[in-house]
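J.: Got a structure for you, questions after.
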Amino acid sequence: MEEKIRVLIAKPGLDGHDRGAKFIAQALRDAGMEVIYTGLRQTPASIVATAIQEDVDAIGLSILSGAHNTLLPRVAQLLKEKGAEDILLFGGGVIPAEDIPYLKEHGIKEVFTPGASSSEIIEFIRTHVRR
Amino acid sequence: MSIQEEAARWYNQVYRKSVEKFPERKPRFSTSFGEEIAPLYYPQTESEEASRLYMEKLGFPGEYPYTRGVQPTMYRSRLWTMRQYAGFGTAAEANRRFKYLLEQGQTGLSIAFDLPTQIGYDSDHPMSDGEVGRVGVAIDTLRDMECLFEGIPLDKVSTSMTINTTASILLAMVIAVAEKQGVSPAALEGTIQNDILKEYIARGTYRFPPKPSMRLITDILAYCSKEVPKWNSISISGYHIREAGSNAVQEVAFTLADGLAYVEAAIKAGLAVDSFAPRLSFFFAAHNNLLEEVAKFRAARRLWAKIMKDRFNAGSKSQVMRFHTQTAGSTLTAQQPDNNIVRVAIQTLAAVLGGTQSLHTNSRDEALSLPAEDSVRIALRTQQIVAYESGVADTVDPLAGSYAVEHLTDLIEEKAAAYIDQIDELGGMVEAIESGYVQREIQKSSYQVQKAIESGEMVVVGLNKFQMEEEPPENIMRLDPAIQEAQIASIRIVKAERDEREVKRTLAAVRAAAASTENLMPPILAAVKAYATLGEIVDEMKAVFGEHKETIIL
Amino acid sequence: MYAASATMNKDDFFLPHGKLNIRRLARFISLIEDNPEEAQADLAQVYCENHQALLLGITGPPGVGKSTLTDRLIAHYRSLDKKVAVIAVDASSPFTGGAILGDRIRMSSHATDAEVFIRSMGSRGNLGGLAPATMDVMNLLTSVGFDVVLIESVGVGQTEVDIMHLVDTVLLVLMPGLGDDVQALKAGMMEIADIFVINKADKPGAQQLQSEIAMLLSLRQERLAWTPPIVETVATEARGIEALTAAIAQHSEYLNSRHAEEKQRKRDHRFQRMVQQKILTLALHFLQDNQAYQQWAREASAAAVNPYAAMRDFENHIKLKWEV
């Protein structure tokens, strides 16, 4: 049987710009993955609870409001607390390059800045998910 | 009448009268070789058919169908308002930035609010964590608003506020601050975006469900038409729809369909169309394809005029579509950010050649973070250079008559009208949105564009062609994380100093009004003056209206 | 990766202090989805008959508000302190095999409730016309103690309709002004509905829809003791939910007490599906490795051969092999 890659795509916080997140969700589906899309206004707690129930292999968080330094590490921390750090956590949106080292130190495996292609993201997921 | 006769009439009656009230900027506009530039150019034809077609499709600026512009002299008398969107962090910081921009020659203020303020959460609410003061100013109480406008005379400066769900509260705060400055609401000039329908479609800062949100909007329209007559009570927006990935036709169609929905709702609520429609204004994006964009603006003006005249029998002041434009943020790249200055310059030309009333130009570092001060200044200079050096502001609707532009104008109008007919079939815009039709159409277009960029079919210079290795940019705007703490502390102080009984009383009045058909503006104004917080006022309305959950269309 | 073991039992899914180990449960569900064969042994160990569990199915055309309704039902059963599980099935792309599973958005208020478990499943389009894992997951969930299991699926494909045979009570959700007649509904949906729900009942046409359904019901040949009621709801405003849950309770009572054979019939049907699925899986498994079969299949599908003759040959061959 096949092992499907399951990815949670979520928008944490109050940011309402979901064009990019929707595009990635569709691109991942077109690449054969199952995408749990949870839409806007997700709290870190609900993102992690969802990720665990859905047993996703990866979580992609899209954020364009600048609140990434607070929200992304919070998700990583909660994953750790729940014993789910093996879930691949990545981010995208308007995130300045200088913030990326901080995010990577705090559990975010990769950050895709504007201009990153969907194939890059797909390749990254395929290569890095736990198997 | 032939064009010549119409033109003569227009010159002698309409143009002359207008110039008396709004004199032109210069006694004479000249070419480099001494020739005078006329206020308006039009076909030199004797043909009856050509004249008829010209009058039907183009007409004269300031006259139905307003294709060529909403005023007879346009920028020859008054340039568009240069209105740069700004505001971040605390009200005090925003106040400083505003004073800087006013000094630099900006002529109106445009205020951005942070997401908690836009959605109705106080800075100390759990949902606000990490978001306070990020994309705009945090406003929790009237105290913050007083700080924001400190030293800024509200009777001299017009203020545009990008606020939707909580527009009623922010408007009430402006009125309260103005009162303290000794300025009567009747003298206030400005705009609130107050366009909730596009929030459901494209922008996401909704809170209440569609029906009660429409009611709030009609309450504001009614209140303003009596108490704040110079205030633009709604800025029907296509910018976000375009940014969400729609094409130019959809931008026009869905924006005008939203406008239609508001007009119908207001009329249903008992307002006479001419009592509020003149104060409706619009907001569009300016994209890269200059010819298409100019055609788009002209088509939008013509289509709205026809809709107002044919559907609602509205008077000429209601037929006029005035709009603000913002250059398209989504066209800017993080790669080679200086290229964005060029993009914005082209988009500025498009907006000006399209006849915009006011314009915000994006800064080059838009894709990276909130813009730095010098980037903002360059963006403003872009407008000033186009205004004073390029000559496009020296004659009205210069591209009229271009085969390409006129054809595109006709095409965009036709296709947008077809969309509006379809929406009518679906039962109106609210229905169309609730069923997901609008979002689906936008999704299709957005997906296509993205795929085209990824495949390289659509070239984006510096992104998928002409790339180069780059150093990460410096000088990025950094937000002080202590802002959230400061704001939370500030709320505590206000709460400690205010009269709790008065707050309770005014909040109860808001809830009662929400549950009845009473206009919500007066009770909101009273609560604001009692220093109730934004979140407290929203919670009263939420108790009655409920909260909205998004419709996912993928 | 989850490690299957034949010595596992139901208790493995619980933490020392008695709470459900969600992560373990979720990982096992993934195994069921990805590798049902491997999961079978453990499923046998874990399975625990749970007669009290309420098995609900919610189906209907897209856009009628099923997810919002599910959200309201979760809230209702939670208010009765029941443990609730939801399986939300969405169609997978037949081309890429991928899927966007977005039903749980409408249930996001329950995301952090430890007594609510929501799992999204793609139909993964497979042989036998049944989302293969759905039944196994449903059995697993009842075995570990969920009082209510809701299976929600869009009723547009055969797979999705088949899923409804897994549950005891099927809610068919419709809304006024669907455009198409009720008669155009996927064949089989009308027959399996135990309760009709007219959601968005505040929209014009609700009365008309009720009449249409009532008329179709009256035309039904079969005379069962249970006449499906028609309940009106406005899920976004939580209106009509009490009436709906009352109807569900009535149907449960009907199944459990007065007409136990009805419930047994459903259980028999489920068992039969399991058997069919097993036979199919076994057969294919066997044939996959069988050289002779592979060769024959290649030759038989070549254009020159008469497919009916080929089938006859195959049948004879199998009968010979299996001595039937």
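We name chains A, B, ... following the order of the structure tokens; residues begin at 1 in each chain, and ligands are numbered from 1 as shown.
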Using only C-alpha atoms and a distance of at most 7 Å, pull out the residues of chain A that contact chain B, as a PyMOL selection string.
T.: chain A and resi 13-14+16-17+19+22-23+65-67+70-71+94-97+114-115+117
J.: Just N, CA, C and O atoms for this one: save the residues we selected as a PDB file, in the first residue's frame.
T.:
ATOM      1  N   GLY A  13      -2.515  33.115  14.146  1.00  0.00           N
ATOM      2  CA  GLY A  13      -2.717  34.529  14.436  1.00  0.00           C
ATOM      3  C   GLY A  13      -3.850  35.131  13.632  1.00  0.00           C
ATOM      4  O   GLY A  13      -4.710  34.437  13.102  1.00  0.00           O
ATOM      5  N   LEU A  14      -3.837  36.454  13.507  1.00  0.00           N
ATOM      6  CA  LEU A  14      -4.971  37.185  12.941  1.00  0.00           C
ATOM      7  C   LEU A  14      -4.796  37.535  11.465  1.00  0.00           C
ATOM      8  O   LEU A  14      -5.704  38.075  10.839  1.00  0.00           O
ATOM      9  N   GLY A  16      -4.973  37.707   7.628  1.00  0.00           N
ATOM     10  CA  GLY A  16      -6.015  37.191   6.754  1.00  0.00           C
ATOM     11  C   GLY A  16      -5.600  36.960   5.312  1.00  0.00           C
ATOM     12  O   GLY A  16      -6.419  36.636   4.464  1.00  0.00           O
ATOM     13  N   HIS A  17      -4.304  37.090   4.991  1.00  0.00           N
ATOM     14  CA  HIS A  17      -3.877  36.929   3.595  1.00  0.00           C
ATOM     15  C   HIS A  17      -3.589  35.466   3.312  1.00  0.00           C
ATOM     16  O   HIS A  17      -2.524  34.960   3.655  1.00  0.00           O
ATOM     17  N   ARG A  19      -3.803  33.850   0.190  1.00  0.00           N
ATOM     18  CA  ARG A  19      -3.567  33.482  -1.208  1.00  0.00           C
ATOM     19  C   ARG A  19      -2.413  32.484  -1.328  1.00  0.00           C
ATOM     20  O   ARG A  19      -2.507  31.480  -2.019  1.00  0.00           O
ATOM     21  N   LYS A  22      -3.215  28.989   0.268  1.00  0.00           N
ATOM     22  CA  LYS A  22      -4.124  28.223  -0.582  1.00  0.00           C
ATOM     23  C   LYS A  22      -3.390  27.664  -1.777  1.00  0.00           C
ATOM     24  O   LYS A  22      -3.624  26.533  -2.198  1.00  0.00           O
ATOM     25  N   PHE A  23      -2.472  28.467  -2.334  1.00  0.00           N
ATOM     26  CA  PHE A  23      -1.745  27.985  -3.488  1.00  0.00           C
ATOM     27  C   PHE A  23      -0.882  26.783  -3.122  1.00  0.00           C
ATOM     28  O   PHE A  23      -0.859  25.775  -3.827  1.00  0.00           O
ATOM     29  N   SER A  65       1.963  38.836   8.771  1.00  0.00           N
ATOM     30  CA  SER A  65       1.682  40.014   9.592  1.00  0.00           C
ATOM     31  C   SER A  65       2.865  40.438  10.444  1.00  0.00           C
ATOM     32  O   SER A  65       2.800  41.417  11.154  1.00  0.00           O
ATOM     33  N   GLY A  66       3.948  39.688  10.402  1.00  0.00           N
ATOM     34  CA  GLY A  66       5.116  40.062  11.197  1.00  0.00           C
ATOM     35  C   GLY A  66       5.160  39.401  12.564  1.00  0.00           C
ATOM     36  O   GLY A  66       6.111  39.571  13.309  1.00  0.00           O
ATOM     37  N   ALA A  67       4.129  38.639  12.897  1.00  0.00           N
ATOM     38  CA  ALA A  67       4.093  38.041  14.237  1.00  0.00           C
ATOM     39  C   ALA A  67       4.803  36.693  14.298  1.00  0.00           C
ATOM     40  O   ALA A  67       4.661  35.949  15.262  1.00  0.00           O
ATOM     41  N   THR A  70       6.920  35.321  17.361  1.00  0.00           N
ATOM     42  CA  THR A  70       6.171  34.871  18.533  1.00  0.00           C
ATOM     43  C   THR A  70       5.466  33.559  18.245  1.00  0.00           C
ATOM     44  O   THR A  70       5.586  32.593  19.001  1.00  0.00           O
ATOM     45  N   LEU A  71       4.729  33.535  17.142  1.00  0.00           N
ATOM     46  CA  LEU A  71       3.823  32.408  16.905  1.00  0.00           C
ATOM     47  C   LEU A  71       4.513  31.121  16.464  1.00  0.00           C
ATOM     48  O   LEU A  71       4.136  30.038  16.895  1.00  0.00           O
ATOM     49  N   VAL A  94       5.827  36.651   4.783  1.00  0.00           N
ATOM     50  CA  VAL A  94       6.721  37.802   4.824  1.00  0.00           C
ATOM     51  C   VAL A  94       7.576  37.677   6.081  1.00  0.00           C
ATOM     52  O   VAL A  94       7.185  38.101   7.162  1.00  0.00           O
ATOM     53  N   ILE A  95       8.701  37.006   5.901  1.00  0.00           N
ATOM     54  CA  ILE A  95       9.617  36.781   7.019  1.00  0.00           C
ATOM     55  C   ILE A  95      11.003  37.242   6.584  1.00  0.00           C
ATOM     56  O   ILE A  95      11.584  36.678   5.664  1.00  0.00           O
ATOM     57  N   PRO A  96      11.535  38.298   7.228  1.00  0.00           N
ATOM     58  CA  PRO A  96      12.840  38.817   6.812  1.00  0.00           C
ATOM     59  C   PRO A  96      13.947  37.779   6.999  1.00  0.00           C
ATOM     60  O   PRO A  96      13.923  37.001   7.961  1.00  0.00           O
ATOM     61  N   ALA A  97      14.919  37.799   6.083  1.00  0.00           N
ATOM     62  CA  ALA A  97      16.015  36.835   6.134  1.00  0.00           C
ATOM     63  C   ALA A  97      16.717  36.845   7.484  1.00  0.00           C
ATOM     64  O   ALA A  97      17.144  35.810   7.987  1.00  0.00           O
ATOM     65  N   PRO A 114       9.219  34.943   0.098  1.00  0.00           N
ATOM     66  CA  PRO A 114       8.511  35.231  -1.150  1.00  0.00           C
ATOM     67  C   PRO A 114       9.375  34.921  -2.361  1.00  0.00           C
ATOM     68  O   PRO A 114      10.530  35.318  -2.418  1.00  0.00           O
ATOM     69  N   GLY A 115       8.815  34.215  -3.320  1.00  0.00           N
ATOM     70  CA  GLY A 115       9.591  33.855  -4.497  1.00  0.00           C
ATOM     71  C   GLY A 115       9.982  32.395  -4.485  1.00  0.00           C
ATOM     72  O   GLY A 115      10.351  31.836  -5.517  1.00  0.00           O
ATOM     73  N   SER A 117       9.515  28.615  -4.873  1.00  0.00           N
ATOM     74  CA  SER A 117       8.543  27.939  -5.726  1.00  0.00           C
ATOM     75  C   SER A 117       7.906  26.775  -4.981  1.00  0.00           C
ATOM     76  O   SER A 117       8.466  26.258  -4.008  1.00  0.00           O
TER      77      SER A 117
END
J.: Residues of chain C within 9 Å of chain A, counting only C-alpha atoms, what are they? List them as an mmCIF file with C-alpha atoms, in the first residue's frame.
T.:
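Result file result.cif:
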data_model
loop_
_atom_site.group_PDB
_atom_site.id
_atom_site.type_symbol
_atom_site.label_atom_id
_atom_site.label_comp_id
_atom_site.auth_asym_id
_atom_site.auth_seq_id
_atom_site.Cartn_x
_atom_site.Cartn_y
_atom_site.Cartn_z
ATOM 1 C CA MET C 1 7.060 4.580 11.902
ATOM 2 C CA ILE C 22 -4.098 10.654 21.069
ATOM 3 C CA ARG C 23 -0.787 10.438 19.334
ATOM 4 C CA LEU C 25 -4.219 6.452 18.303
ATOM 5 C CA ALA C 26 -3.564 8.836 15.440
ATOM 6 C CA ARG C 27 -0.448 6.974 14.370
ATOM 7 C CA ILE C 29 -4.964 5.213 12.171
ATOM 8 C CA SER C 30 -2.239 6.206 9.724
ATOM 9 C CA LEU C 31 -1.064 2.609 9.663
ATOM 10 C CA GLU C 33 -4.712 3.905 6.042
ATOM 11 C CA ASP C 34 -1.272 3.230 4.642
ATOM 12 C CA ASN C 35 -0.962 -0.442 5.301
ATOM 13 C CA PRO C 36 -4.241 -2.106 6.250
ATOM 14 C CA GLU C 37 -2.803 -5.608 6.027
ATOM 15 C CA SER C 92 -8.972 12.399 -3.319
ATOM 16 C CA SER C 93 -7.852 13.468 -6.759
ATOM 17 C CA PHE C 95 -5.079 11.879 -10.997
ATOM 18 C CA THR C 96 -2.589 12.747 -8.319
ATOM 19 C CA GLY C 97 -3.929 10.800 -5.386
ATOM 20 C CA GLY C 98 -3.672 13.932 -3.269
ATOM 21 C CA ALA C 99 -6.480 15.687 -1.457
ATOM 22 C CA ILE C 100 -7.343 18.889 0.324
ATOM 23 C CA LEU C 101 -9.140 18.013 3.515
ATOM 24 C CA GLY C 102 -10.837 21.099 4.838
ATOM 25 C CA ASP C 103 -13.943 19.895 6.630
ATOM 26 C CA ARG C 104 -12.537 20.324 10.099
ATOM 27 C CA ILE C 105 -12.328 24.093 9.707
ATOM 28 C CA ARG C 106 -15.961 24.325 10.685
ATOM 29 C CA SER C 108 -12.242 24.368 14.931
ATOM 30 C CA SER C 109 -13.847 25.423 18.207
ATOM 31 C CA HIS C 110 -13.372 21.827 19.365
ATOM 32 C CA ALA C 111 -9.741 21.539 18.292
ATOM 33 C CA THR C 112 -8.355 21.740 21.812
ATOM 34 C CA ASP C 113 -11.101 19.701 23.511
ATOM 35 C CA ALA C 114 -9.373 16.511 24.653
ATOM 36 C CA PHE C 117 -11.112 13.519 18.092
ATOM 37 C CA ILE C 118 -11.396 14.649 14.493
ATOM 38 C CA ARG C 119 -9.699 12.811 11.664
ATOM 39 C CA SER C 120 -9.725 13.825 8.030
ATOM 40 C CA MET C 121 -9.483 11.063 5.456
ATOM 41 C CA GLY C 122 -9.096 11.176 1.734
#
J.: Quick one: of C:Ile279, C:Leu140, C:Ala214, C:Val64, who's nearest to chain B, counting only C-alpha atoms?
T.: C:Val64
J.: Excluding range 62-65 of chain B and its own-chain neighbours fewer than 4 positions away, which residues fall within 7 Å of it when counting only C-alpha atoms? Please give them as a PyMOL selection string.
T.: chain B and resi 58+69-72+302+305-306
J.: Kindly export the residues of the current selection with N, CA, C and O atoms, as a PDB file, in the first residue's frame.
T.:
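Generated output (part_7.pdb):
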ATOM      1  N   LEU B  58     -17.786  58.142 -24.295  1.00  0.00           N
ATOM      2  CA  LEU B  58     -16.774  58.919 -23.599  1.00  0.00           C
ATOM      3  C   LEU B  58     -17.354  60.157 -22.912  1.00  0.00           C
ATOM      4  O   LEU B  58     -17.164  60.376 -21.737  1.00  0.00           O
ATOM      5  N   GLY B  69     -13.335  61.169 -16.684  1.00  0.00           N
ATOM      6  CA  GLY B  69     -12.921  61.770 -15.409  1.00  0.00           C
ATOM      7  C   GLY B  69     -14.107  62.332 -14.652  1.00  0.00           C
ATOM      8  O   GLY B  69     -15.136  62.622 -15.235  1.00  0.00           O
ATOM      9  N   VAL B  70     -13.939  62.463 -13.346  1.00  0.00           N
ATOM     10  CA  VAL B  70     -15.064  62.893 -12.524  1.00  0.00           C
ATOM     11  C   VAL B  70     -15.182  64.404 -12.378  1.00  0.00           C
ATOM     12  O   VAL B  70     -16.212  64.902 -11.948  1.00  0.00           O
ATOM     13  N   GLN B  71     -14.121  65.121 -12.693  1.00  0.00           N
ATOM     14  CA  GLN B  71     -14.211  66.591 -12.665  1.00  0.00           C
ATOM     15  C   GLN B  71     -13.807  67.145 -14.029  1.00  0.00           C
ATOM     16  O   GLN B  71     -13.043  66.531 -14.745  1.00  0.00           O
ATOM     17  N   PRO B  72     -14.287  68.347 -14.357  1.00  0.00           N
ATOM     18  CA  PRO B  72     -13.981  68.925 -15.671  1.00  0.00           C
ATOM     19  C   PRO B  72     -12.493  69.205 -15.875  1.00  0.00           C
ATOM     20  O   PRO B  72     -11.985  69.028 -16.974  1.00  0.00           O
ATOM     21  N   ARG B 302     -17.466  54.343 -15.967  1.00  0.00           N
ATOM     22  CA  ARG B 302     -18.602  54.332 -16.877  1.00  0.00           C
ATOM     23  C   ARG B 302     -19.674  53.356 -16.401  1.00  0.00           C
ATOM     24  O   ARG B 302     -20.870  53.645 -16.399  1.00  0.00           O
ATOM     25  N   ALA B 305     -21.561  54.607 -13.267  1.00  0.00           N
ATOM     26  CA  ALA B 305     -22.493  55.688 -13.610  1.00  0.00           C
ATOM     27  C   ALA B 305     -23.764  55.093 -14.208  1.00  0.00           C
ATOM     28  O   ALA B 305     -24.880  55.484 -13.868  1.00  0.00           O
ATOM     29  N   LYS B 306     -23.594  54.131 -15.107  1.00  0.00           N
ATOM     30  CA  LYS B 306     -24.757  53.508 -15.743  1.00  0.00           C
ATOM     31  C   LYS B 306     -25.610  52.776 -14.714  1.00  0.00           C
ATOM     32  O   LYS B 306     -26.830  52.889 -14.702  1.00  0.00           O
TER      33      LYS B 306
END
J.: Where does chain B meet chain C within 12 Å, residue by residue, with the nearest atom pair and distance in Å to one decimal for each, counting only C-alpha atoms, listed by chain and rising number, as a Markdown table?
T.:
| residue | atom | partner | partner_atom | distance |
| --- | --- | --- | --- | --- |
| B:Phe208 | CA | C:Thr236 | CA | 11.9 |
| B:Pro209 | CA | C:Thr236 | CA | 9.4 |
| B:Pro210 | CA | C:Thr236 | CA | 11.7 |
| B:Leu426 | CA | C:Gly177 | CA | 10.4 |
| B:Gly427 | CA | C:Gly177 | CA | 11.0 |
| B:Glu431 | CA | C:Lys203 | CA | 10.3 |
| B:Glu434 | CA | C:Gly63 | CA | 9.5 |
| B:Ser435 | CA | C:Gly63 | CA | 7.1 |
| B:Gly436 | CA | C:Gly63 | CA | 8.6 |
| B:Tyr437 | CA | C:Gly63 | CA | 10.9 |
| B:Val544 | CA | C:Glu237 | CA | 11.4 |
| B:Phe545 | CA | C:Glu237 | CA | 9.9 |
| B:Gly546 | CA | C:Glu237 | CA | 8.3 |
| B:Glu547 | CA | C:Thr236 | CA | 9.5 |
| B:His548 | CA | C:Thr236 | CA | 8.7 |
| B:Lys549 | CA | C:Arg106 | CA | 7.1 |
| B:Glu550 | CA | C:Arg106 | CA | 8.1 |
| B:Thr551 | CA | C:Arg106 | CA | 8.6 |
| B:Ile552 | CA | C:Gly102 | CA | 7.3 |
| B:Ile553 | CA | C:Gly102 | CA | 9.1 |
| B:Leu554 | CA | C:Ile100 | CA | 7.8 |
J.: Could you pull out all residues of range 7-241 of chain B with a DSSP call of helix (DSSP H, G or I) and give them as number ranges by chain?
T.: B: 7-21, 48-57, 74-76, 91-103, 115-119, 126-128, 142-148, 167-181, 185-187, 196-203, 210-227, 239-241
J.: For the selection you just gave me, I'd like the residues written to a file as an mmCIF file, in the first residue's frame, keeping C-alpha atoms.
T.:
data_model
loop_
_atom_site.group_PDB
_atom_site.id
_atom_site.type_symbol
_atom_site.label_atom_id
_atom_site.label_comp_id
_atom_site.auth_asym_id
_atom_site.auth_seq_id
_atom_site.Cartn_x
_atom_site.Cartn_y
_atom_site.Cartn_z
ATOM 1 C CA ALA B 7 -17.274 70.612 -26.785
ATOM 2 C CA ALA B 8 -18.128 74.261 -27.131
ATOM 3 C CA ARG B 9 -21.002 73.849 -24.705
ATOM 4 C CA TRP B 10 -18.794 71.978 -22.288
ATOM 5 C CA TYR B 11 -16.028 74.561 -22.452
ATOM 6 C CA ASN B 12 -18.271 77.550 -22.010
ATOM 7 C CA GLN B 13 -20.568 76.221 -19.374
ATOM 8 C CA VAL B 14 -19.042 73.329 -17.475
ATOM 9 C CA TYR B 15 -15.342 74.005 -17.776
ATOM 10 C CA ARG B 16 -15.564 77.759 -17.181
ATOM 11 C CA LYS B 17 -17.689 77.332 -14.078
ATOM 12 C CA SER B 18 -15.335 74.741 -12.715
ATOM 13 C CA VAL B 19 -12.262 76.870 -13.270
ATOM 14 C CA GLU B 20 -13.865 79.728 -11.381
ATOM 15 C CA LYS B 21 -14.271 77.527 -8.321
ATOM 16 C CA GLU B 48 -22.781 62.370 -36.795
ATOM 17 C CA GLU B 49 -22.253 58.701 -36.059
ATOM 18 C CA ALA B 50 -18.796 59.320 -34.634
ATOM 19 C CA SER B 51 -20.130 62.164 -32.528
ATOM 20 C CA ARG B 52 -22.950 60.050 -31.202
ATOM 21 C CA LEU B 53 -20.618 57.223 -30.304
ATOM 22 C CA TYR B 54 -18.196 59.601 -28.675
ATOM 23 C CA MET B 55 -20.899 61.221 -26.543
ATOM 24 C CA GLU B 56 -22.340 57.840 -25.580
ATOM 25 C CA LYS B 57 -19.087 56.180 -24.654
ATOM 26 C CA MET B 74 -9.023 67.085 -13.072
ATOM 27 C CA TYR B 75 -5.359 67.543 -12.201
ATOM 28 C CA ARG B 76 -5.025 70.840 -13.976
ATOM 29 C CA ALA B 91 -0.129 55.921 18.612
ATOM 30 C CA ALA B 92 2.762 58.185 19.646
ATOM 31 C CA GLU B 93 5.105 56.729 17.002
ATOM 32 C CA ALA B 94 2.406 56.941 14.357
ATOM 33 C CA ASN B 95 1.808 60.554 15.353
ATOM 34 C CA ARG B 96 5.493 61.310 14.791
ATOM 35 C CA ARG B 97 5.475 59.594 11.369
ATOM 36 C CA PHE B 98 2.362 61.541 10.363
ATOM 37 C CA LYS B 99 3.917 64.861 11.298
ATOM 38 C CA TYR B 100 6.989 63.894 9.248
ATOM 39 C CA LEU B 101 4.908 63.040 6.196
ATOM 40 C CA LEU B 102 2.814 66.205 6.484
ATOM 41 C CA GLU B 103 6.058 68.190 6.564
ATOM 42 C CA LEU B 115 -4.924 43.347 13.294
ATOM 43 C CA PRO B 116 -6.341 43.148 16.818
ATOM 44 C CA THR B 117 -7.799 46.659 16.399
ATOM 45 C CA GLN B 118 -9.186 45.766 12.966
ATOM 46 C CA ILE B 119 -10.789 42.578 14.195
ATOM 47 C CA PRO B 126 -4.885 36.178 24.047
ATOM 48 C CA MET B 127 -5.641 36.307 20.308
ATOM 49 C CA SER B 128 -3.650 39.547 20.098
ATOM 50 C CA LEU B 142 -10.027 56.883 23.125
ATOM 51 C CA ARG B 143 -6.814 57.731 24.958
ATOM 52 C CA ASP B 144 -4.801 56.117 22.127
ATOM 53 C CA MET B 145 -6.732 58.074 19.525
ATOM 54 C CA GLU B 146 -6.110 61.352 21.342
ATOM 55 C CA CYS B 147 -2.423 60.521 21.271
ATOM 56 C CA LEU B 148 -2.564 59.658 17.567
ATOM 57 C CA ALA B 167 -15.142 51.209 11.611
ATOM 58 C CA SER B 168 -18.046 52.424 13.711
ATOM 59 C CA ILE B 169 -15.870 52.550 16.818
ATOM 60 C CA LEU B 170 -12.897 54.248 15.187
ATOM 61 C CA LEU B 171 -15.127 56.815 13.523
ATOM 62 C CA ALA B 172 -16.752 57.500 16.891
ATOM 63 C CA MET B 173 -13.271 58.029 18.340
ATOM 64 C CA VAL B 174 -12.352 60.528 15.615
ATOM 65 C CA ILE B 175 -15.544 62.442 16.298
ATOM 66 C CA ALA B 176 -14.789 62.425 20.043
ATOM 67 C CA VAL B 177 -11.203 63.654 19.522
ATOM 68 C CA ALA B 178 -12.401 66.353 17.125
ATOM 69 C CA GLU B 179 -14.908 67.531 19.710
ATOM 70 C CA LYS B 180 -12.076 67.953 22.206
ATOM 71 C CA GLN B 181 -10.205 69.994 19.572
ATOM 72 C CA PRO B 185 -18.325 66.652 13.150
ATOM 73 C CA ALA B 186 -19.801 68.597 10.266
ATOM 74 C CA ALA B 187 -16.333 69.909 9.424
ATOM 75 C CA ILE B 196 -17.153 44.298 5.008
ATOM 76 C CA LEU B 197 -18.094 42.279 1.934
ATOM 77 C CA LYS B 198 -14.577 42.234 0.571
ATOM 78 C CA GLU B 199 -13.345 41.062 3.967
ATOM 79 C CA TYR B 200 -15.255 37.836 3.479
ATOM 80 C CA ILE B 201 -13.936 37.568 -0.080
ATOM 81 C CA ALA B 202 -10.331 38.576 0.198
ATOM 82 C CA ARG B 203 -8.993 40.309 3.254
ATOM 83 C CA PRO B 210 -22.698 39.164 6.869
ATOM 84 C CA LYS B 211 -26.236 40.228 7.767
ATOM 85 C CA PRO B 212 -25.505 42.115 11.007
ATOM 86 C CA SER B 213 -22.376 43.534 9.380
ATOM 87 C CA MET B 214 -24.498 45.022 6.590
ATOM 88 C CA ARG B 215 -26.770 46.527 9.226
ATOM 89 C CA LEU B 216 -23.823 48.182 10.961
ATOM 90 C CA ILE B 217 -22.758 49.670 7.657
ATOM 91 C CA THR B 218 -26.160 51.132 6.878
ATOM 92 C CA ASP B 219 -26.250 52.598 10.389
ATOM 93 C CA ILE B 220 -22.946 54.342 9.674
ATOM 94 C CA LEU B 221 -24.133 55.593 6.274
ATOM 95 C CA ALA B 222 -27.298 57.014 7.807
ATOM 96 C CA TYR B 223 -25.432 58.646 10.690
ATOM 97 C CA CYS B 224 -22.804 60.234 8.457
ATOM 98 C CA SER B 225 -25.263 61.580 5.966
ATOM 99 C CA LYS B 226 -26.750 63.653 8.797
ATOM 100 C CA GLU B 227 -23.936 64.318 11.265
ATOM 101 C CA TYR B 239 -7.585 46.409 -4.201
ATOM 102 C CA HIS B 240 -7.705 43.391 -1.913
ATOM 103 C CA ILE B 241 -9.741 41.407 -4.374
#
J.: Of the candidates A:Lys11, A:Asp57, A:Ile100, A:Ile24, which shows the shortest atom-to-atom distance to Ser119 in chain A, using only C-alpha atoms?
T.: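 Answer, going by the shortest atom-to-atom distance: A:Ile24.
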J.: Suppose you want the space between CA of Ile423 in chain B and CA of Ser233 in chain B; what is it in Å?
T.: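 Separation between CA of Ile423 in chain B and CA of Ser233 in chain B: 24.5 Å.
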